[in-house]
Amino acid sequence: MATIAQRRRTGGAGGFARSGLWGLARIVSLVTAIVIGVLVIGIVLVLLEANRANELVNALLDAGKFLAGPFDNVFKLDSHKANVGVNWGLAAVVYGLVGGFIARLLRR
């Protein structure tokens with residue numbers, strides 16, 4: 001049974017390049033997960049009417065607003081909560097699909 005180092009040595013340059021792209025794919029997946037997490041936490045904070053005077057809440061909501069900026073007012077709803085929930089949720093889905101697609105391409 002060969003160790004990982006032995007397999008990499010026998011794999012040639014292609015093996016090293018593949019392992020580098022796998023690492024990059026993991027970084028893309030991690031960044032995608034963090035972005036989606038910030039957006040979902042922001043949605044929950046808005047729905048629960050979190051105290052904006054709290055610095056952590058304010059920072060998370062500002063980050064969510066920045067990340068969801070391109071999707072701002074895609075759907076214009078009457079309620080602020082519904083507006084944030086739908087538009088930020090749409091942003092999270094799009095970021096998840098695009099990030100997953102890029103990571104999958106890198107793993108090929």
# chains A, B, ... in the order shown; residues from 1 in each chain; ligands from 1
$ closest_atom_pairs --of "region 24-44 of chain A" --to "region 58-62 of chain A" --cutoff "10 Å" --atoms "only C-alpha atoms" --output "JSON lines"
{"residue": "A:Val38", "atom": "CA", "partner": "A:Leu60", "partner_atom": "CA", "distance": 6.7}
{"residue": "A:Leu39", "atom": "CA", "partner": "A:Leu61", "partner_atom": "CA", "distance": 8.3}
{"residue": "A:Ile41", "atom": "CA", "partner": "A:Leu60", "partner_atom": "CA", "distance": 7.6}
{"residue": "A:Gly42", "atom": "CA", "partner": "A:Leu61", "partner_atom": "CA", "distance": 5.3}
{"residue": "A:Ile43", "atom": "CA", "partner": "A:Leu61", "partner_atom": "CA", "distance": 8.4}
$ write_last_selection --atoms "C-alpha atoms" --output "mmCIF file, in the first residue's frame"
data_model
loop_
_atom_site.group_PDB
_atom_site.id
_atom_site.type_symbol
_atom_site.label_atom_id
_atom_site.label_comp_id
_atom_site.auth_asym_id
_atom_site.auth_seq_id
_atom_site.Cartn_x
_atom_site.Cartn_y
_atom_site.Cartn_z
ATOM 1 C CA VAL A 38 -23.364 35.480 6.653
ATOM 2 C CA LEU A 39 -26.424 35.972 4.457
ATOM 3 C CA ILE A 41 -27.495 34.786 9.716
ATOM 4 C CA GLY A 42 -28.381 38.265 8.442
ATOM 5 C CA ILE A 43 -31.825 37.047 7.374
#
$ select_by_dssp --residues "region 6-104 of chain A" --states "helix (DSSP H, G or I)" --output "PyMOL selection string"
chain A and resi 6-47+55-67+69-71+80-104
$ write_last_selection --atoms "C-alpha atoms" --output "short mmCIF file (atom, residue, chain, number, x, y, z; two decimals), in the first residue's frame"
data_model
loop_
_atom_site.label_atom_id
_atom_site.label_comp_id
_atom_site.auth_asym_id
_atom_site.auth_seq_id
_atom_site.Cartn_x
_atom_site.Cartn_y
_atom_site.Cartn_z
CA GLN A 6 4.62 7.98 -2.83
CA ARG A 7 1.46 8.33 -4.90
CA ARG A 8 2.19 11.99 -5.51
CA ARG A 9 5.77 11.24 -6.54
CA THR A 10 4.67 8.66 -9.08
CA GLY A 11 1.81 10.84 -10.35
CA GLY A 12 4.16 13.31 -12.01
CA ALA A 13 3.44 16.97 -12.59
CA GLY A 14 -0.23 16.27 -13.27
CA GLY A 15 -0.66 14.89 -9.76
CA PHE A 16 0.79 18.01 -8.20
CA ALA A 17 -1.32 20.29 -10.37
CA ARG A 18 -4.43 18.28 -9.53
CA SER A 19 -3.72 18.48 -5.82
CA GLY A 20 -3.22 22.25 -6.13
CA LEU A 21 -6.55 22.66 -7.89
CA TRP A 22 -8.24 20.50 -5.26
CA GLY A 23 -6.85 22.84 -2.60
CA LEU A 24 -8.13 25.84 -4.51
CA ALA A 25 -11.53 24.15 -4.86
CA ARG A 26 -11.65 23.66 -1.10
CA ILE A 27 -10.87 27.35 -0.57
CA VAL A 28 -13.64 28.32 -3.01
CA SER A 29 -16.06 26.01 -1.16
CA LEU A 30 -15.05 27.50 2.20
CA VAL A 31 -15.51 31.09 1.00
CA THR A 32 -18.87 30.16 -0.52
CA ALA A 33 -20.00 28.58 2.75
CA ILE A 34 -18.93 31.67 4.72
CA VAL A 35 -20.79 34.01 2.34
CA ILE A 36 -23.94 31.89 2.52
CA GLY A 37 -23.63 31.70 6.31
CA VAL A 38 -23.36 35.48 6.65
CA LEU A 39 -26.42 35.97 4.46
CA VAL A 40 -28.51 33.39 6.32
CA ILE A 41 -27.50 34.79 9.72
CA GLY A 42 -28.38 38.27 8.44
CA ILE A 43 -31.82 37.05 7.37
CA VAL A 44 -32.42 35.50 10.79
CA LEU A 45 -31.27 38.68 12.56
CA VAL A 46 -33.66 40.81 10.50
CA LEU A 47 -36.58 38.42 11.02
CA GLU A 55 -21.73 45.90 17.25
CA LEU A 56 -21.71 42.23 16.25
CA VAL A 57 -25.27 42.40 14.94
CA ASN A 58 -24.49 45.63 13.10
CA ALA A 59 -21.34 44.14 11.52
CA LEU A 60 -23.16 41.01 10.36
CA LEU A 61 -26.04 43.01 8.90
CA ASP A 62 -23.65 45.39 7.13
CA ALA A 63 -21.72 42.44 5.67
CA GLY A 64 -24.98 40.83 4.55
CA LYS A 65 -26.15 44.08 2.98
CA PHE A 66 -22.86 44.37 1.09
CA LEU A 67 -22.99 40.76 -0.14
CA GLY A 69 -26.11 44.39 -2.85
CA PRO A 70 -26.44 43.12 -6.44
CA PHE A 71 -29.73 41.47 -5.49
CA HIS A 80 -38.97 45.02 5.10
CA LYS A 81 -38.58 41.56 6.64
CA ALA A 82 -40.05 39.83 3.59
CA ASN A 83 -37.96 42.00 1.28
CA VAL A 84 -34.73 41.09 3.08
CA GLY A 85 -35.69 37.43 3.41
CA VAL A 86 -36.50 36.95 -0.26
CA ASN A 87 -33.72 39.06 -1.80
CA TRP A 88 -30.97 37.95 0.56
CA GLY A 89 -32.20 34.36 0.25
CA LEU A 90 -31.96 34.69 -3.54
CA ALA A 91 -28.42 36.02 -3.13
CA ALA A 92 -27.48 33.04 -0.95
CA VAL A 93 -28.87 30.58 -3.51
CA VAL A 94 -27.05 32.25 -6.40
CA TYR A 95 -23.76 32.43 -4.48
CA GLY A 96 -24.17 28.77 -3.54
CA LEU A 97 -24.82 27.67 -7.12
CA VAL A 98 -21.99 29.73 -8.62
CA GLY A 99 -19.50 28.81 -5.88
CA GLY A 100 -20.40 25.12 -6.12
CA PHE A 101 -20.06 25.21 -9.91
CA ILE A 102 -16.63 26.85 -9.73
CA ALA A 103 -15.43 24.39 -7.07
CA ARG A 104 -16.69 21.46 -9.15
#
$ decode --residues "region 41-80 of chain A" --atoms "N, CA and C atoms" --output "PDB file, in the first residue's frame"
ATOM      1  N   ILE A  41     -27.477  34.191   8.375  1.00  0.00           N
ATOM      2  CA  ILE A  41     -27.495  34.786   9.716  1.00  0.00           C
ATOM      3  C   ILE A  41     -28.110  36.182   9.655  1.00  0.00           C
ATOM      4  N   GLY A  42     -27.792  36.932   8.609  1.00  0.00           N
ATOM      5  CA  GLY A  42     -28.381  38.265   8.442  1.00  0.00           C
ATOM      6  C   GLY A  42     -29.889  38.201   8.291  1.00  0.00           C
ATOM      7  N   ILE A  43     -30.381  37.220   7.527  1.00  0.00           N
ATOM      8  CA  ILE A  43     -31.825  37.047   7.374  1.00  0.00           C
ATOM      9  C   ILE A  43     -32.473  36.761   8.719  1.00  0.00           C
ATOM     10  N   VAL A  44     -31.867  35.859   9.478  1.00  0.00           N
ATOM     11  CA  VAL A  44     -32.417  35.501  10.795  1.00  0.00           C
ATOM     12  C   VAL A  44     -32.415  36.712  11.725  1.00  0.00           C
ATOM     13  N   LEU A  45     -31.336  37.494  11.695  1.00  0.00           N
ATOM     14  CA  LEU A  45     -31.266  38.677  12.555  1.00  0.00           C
ATOM     15  C   LEU A  45     -32.345  39.700  12.198  1.00  0.00           C
ATOM     16  N   VAL A  46     -32.613  39.869  10.923  1.00  0.00           N
ATOM     17  CA  VAL A  46     -33.663  40.810  10.504  1.00  0.00           C
ATOM     18  C   VAL A  46     -35.029  40.274  10.910  1.00  0.00           C
ATOM     19  N   LEU A  47     -35.273  38.995  10.677  1.00  0.00           N
ATOM     20  CA  LEU A  47     -36.577  38.419  11.017  1.00  0.00           C
ATOM     21  C   LEU A  47     -36.862  38.461  12.515  1.00  0.00           C
ATOM     22  N   LEU A  48     -35.809  38.304  13.318  1.00  0.00           N
ATOM     23  CA  LEU A  48     -35.982  38.334  14.771  1.00  0.00           C
ATOM     24  C   LEU A  48     -35.828  39.737  15.352  1.00  0.00           C
ATOM     25  N   GLU A  49     -35.649  40.729  14.492  1.00  0.00           N
ATOM     26  CA  GLU A  49     -35.496  42.126  14.900  1.00  0.00           C
ATOM     27  C   GLU A  49     -34.387  42.307  15.929  1.00  0.00           C
ATOM     28  N   ALA A  50     -33.200  41.860  15.569  1.00  0.00           N
ATOM     29  CA  ALA A  50     -32.047  41.966  16.461  1.00  0.00           C
ATOM     30  C   ALA A  50     -31.692  43.440  16.683  1.00  0.00           C
ATOM     31  N   ASN A  51     -31.073  43.707  17.817  1.00  0.00           N
ATOM     32  CA  ASN A  51     -30.702  45.064  18.220  1.00  0.00           C
ATOM     33  C   ASN A  51     -29.533  45.558  17.369  1.00  0.00           C
ATOM     34  N   ARG A  52     -29.775  46.550  16.526  1.00  0.00           N
ATOM     35  CA  ARG A  52     -28.723  47.083  15.650  1.00  0.00           C
ATOM     36  C   ARG A  52     -27.677  47.869  16.423  1.00  0.00           C
ATOM     37  N   ALA A  53     -27.945  48.222  17.675  1.00  0.00           N
ATOM     38  CA  ALA A  53     -26.961  48.931  18.483  1.00  0.00           C
ATOM     39  C   ALA A  53     -25.816  48.005  18.893  1.00  0.00           C
ATOM     40  N   ASN A  54     -26.059  46.695  18.861  1.00  0.00           N
ATOM     41  CA  ASN A  54     -25.018  45.725  19.162  1.00  0.00           C
ATOM     42  C   ASN A  54     -24.033  45.699  17.997  1.00  0.00           C
ATOM     43  N   GLU A  55     -22.738  45.799  18.297  1.00  0.00           N
ATOM     44  CA  GLU A  55     -21.727  45.899  17.249  1.00  0.00           C
ATOM     45  C   GLU A  55     -21.637  44.641  16.398  1.00  0.00           C
ATOM     46  N   LEU A  56     -21.782  43.479  17.005  1.00  0.00           N
ATOM     47  CA  LEU A  56     -21.714  42.230  16.251  1.00  0.00           C
ATOM     48  C   LEU A  56     -22.896  42.110  15.285  1.00  0.00           C
ATOM     49  N   VAL A  57     -24.078  42.432  15.780  1.00  0.00           N
ATOM     50  CA  VAL A  57     -25.274  42.399  14.936  1.00  0.00           C
ATOM     51  C   VAL A  57     -25.126  43.398  13.799  1.00  0.00           C
ATOM     52  N   ASN A  58     -24.673  44.582  14.105  1.00  0.00           N
ATOM     53  CA  ASN A  58     -24.492  45.625  13.102  1.00  0.00           C
ATOM     54  C   ASN A  58     -23.476  45.193  12.039  1.00  0.00           C
ATOM     55  N   ALA A  59     -22.369  44.593  12.465  1.00  0.00           N
ATOM     56  CA  ALA A  59     -21.341  44.144  11.522  1.00  0.00           C
ATOM     57  C   ALA A  59     -21.876  43.039  10.609  1.00  0.00           C
ATOM     58  N   LEU A  60     -22.604  42.095  11.178  1.00  0.00           N
ATOM     59  CA  LEU A  60     -23.161  41.011  10.365  1.00  0.00           C
ATOM     60  C   LEU A  60     -24.197  41.529   9.363  1.00  0.00           C
ATOM     61  N   LEU A  61     -25.041  42.453   9.803  1.00  0.00           N
ATOM     62  CA  LEU A  61     -26.041  43.008   8.895  1.00  0.00           C
ATOM     63  C   LEU A  61     -25.405  43.867   7.802  1.00  0.00           C
ATOM     64  N   ASP A  62     -24.356  44.601   8.154  1.00  0.00           N
ATOM     65  CA  ASP A  62     -23.650  45.392   7.133  1.00  0.00           C
ATOM     66  C   ASP A  62     -22.969  44.478   6.113  1.00  0.00           C
ATOM     67  N   ALA A  63     -22.361  43.392   6.587  1.00  0.00           N
ATOM     68  CA  ALA A  63     -21.722  42.440   5.672  1.00  0.00           C
ATOM     69  C   ALA A  63     -22.770  41.793   4.773  1.00  0.00           C
ATOM     70  N   GLY A  64     -23.904  41.417   5.347  1.00  0.00           N
ATOM     71  CA  GLY A  64     -24.976  40.832   4.552  1.00  0.00           C
ATOM     72  C   GLY A  64     -25.514  41.800   3.518  1.00  0.00           C
ATOM     73  N   LYS A  65     -25.657  43.056   3.912  1.00  0.00           N
ATOM     74  CA  LYS A  65     -26.150  44.078   2.978  1.00  0.00           C
ATOM     75  C   LYS A  65     -25.168  44.273   1.830  1.00  0.00           C
ATOM     76  N   PHE A  66     -23.883  44.255   2.135  1.00  0.00           N
ATOM     77  CA  PHE A  66     -22.861  44.373   1.092  1.00  0.00           C
ATOM     78  C   PHE A  66     -22.907  43.183   0.134  1.00  0.00           C
ATOM     79  N   LEU A  67     -22.983  41.964   0.689  1.00  0.00           N
ATOM     80  CA  LEU A  67     -22.986  40.761  -0.143  1.00  0.00           C
ATOM     81  C   LEU A  67     -24.254  40.636  -0.978  1.00  0.00           C
ATOM     82  N   ALA A  68     -25.366  41.104  -0.447  1.00  0.00           N
ATOM     83  CA  ALA A  68     -26.632  41.011  -1.165  1.00  0.00           C
ATOM     84  C   ALA A  68     -26.892  42.242  -2.022  1.00  0.00           C
ATOM     85  N   GLY A  69     -25.946  43.160  -2.094  1.00  0.00           N
ATOM     86  CA  GLY A  69     -26.113  44.395  -2.847  1.00  0.00           C
ATOM     87  C   GLY A  69     -26.584  44.216  -4.284  1.00  0.00           C
ATOM     88  N   PRO A  70     -25.976  43.298  -5.057  1.00  0.00           N
ATOM     89  CA  PRO A  70     -26.437  43.123  -6.440  1.00  0.00           C
ATOM     90  C   PRO A  70     -27.879  42.601  -6.549  1.00  0.00           C
ATOM     91  N   PHE A  71     -28.381  42.035  -5.477  1.00  0.00           N
ATOM     92  CA  PHE A  71     -29.728  41.470  -5.490  1.00  0.00           C
ATOM     93  C   PHE A  71     -30.726  42.358  -4.756  1.00  0.00           C
ATOM     94  N   ASP A  72     -30.310  43.580  -4.448  1.00  0.00           N
ATOM     95  CA  ASP A  72     -31.166  44.498  -3.713  1.00  0.00           C
ATOM     96  C   ASP A  72     -32.376  44.877  -4.562  1.00  0.00           C
ATOM     97  N   ASN A  73     -33.543  44.705  -4.004  1.00  0.00           N
ATOM     98  CA  ASN A  73     -34.815  45.051  -4.653  1.00  0.00           C
ATOM     99  C   ASN A  73     -35.070  44.312  -5.957  1.00  0.00           C
ATOM    100  N   VAL A  74     -34.595  43.071  -6.059  1.00  0.00           N
ATOM    101  CA  VAL A  74     -34.995  42.243  -7.190  1.00  0.00           C
ATOM    102  C   VAL A  74     -36.494  42.017  -7.105  1.00  0.00           C
ATOM    103  N   PHE A  75     -36.942  41.712  -5.899  1.00  0.00           N
ATOM    104  CA  PHE A  75     -38.367  41.612  -5.614  1.00  0.00           C
ATOM    105  C   PHE A  75     -38.709  42.718  -4.618  1.00  0.00           C
ATOM    106  N   LYS A  76     -39.661  43.555  -4.942  1.00  0.00           N
ATOM    107  CA  LYS A  76     -40.073  44.627  -4.040  1.00  0.00           C
ATOM    108  C   LYS A  76     -41.344  44.187  -3.330  1.00  0.00           C
ATOM    109  N   LEU A  77     -41.195  43.891  -2.059  1.00  0.00           N
ATOM    110  CA  LEU A  77     -42.323  43.452  -1.248  1.00  0.00           C
ATOM    111  C   LEU A  77     -42.694  44.547  -0.258  1.00  0.00           C
ATOM    112  N   ASP A  78     -43.875  44.450   0.322  1.00  0.00           N
ATOM    113  CA  ASP A  78     -44.359  45.483   1.235  1.00  0.00           C
ATOM    114  C   ASP A  78     -43.572  45.524   2.533  1.00  0.00           C
ATOM    115  N   SER A  79     -43.301  44.381   3.099  1.00  0.00           N
ATOM    116  CA  SER A  79     -42.635  44.292   4.395  1.00  0.00           C
ATOM    117  C   SER A  79     -41.115  44.295   4.227  1.00  0.00           C
ATOM    118  N   HIS A  80     -40.438  45.015   5.120  1.00  0.00           N
ATOM    119  CA  HIS A  80     -38.968  45.024   5.101  1.00  0.00           C
ATOM    120  C   HIS A  80     -38.424  43.625   5.374  1.00  0.00           C
TER     121      HIS A  80
END
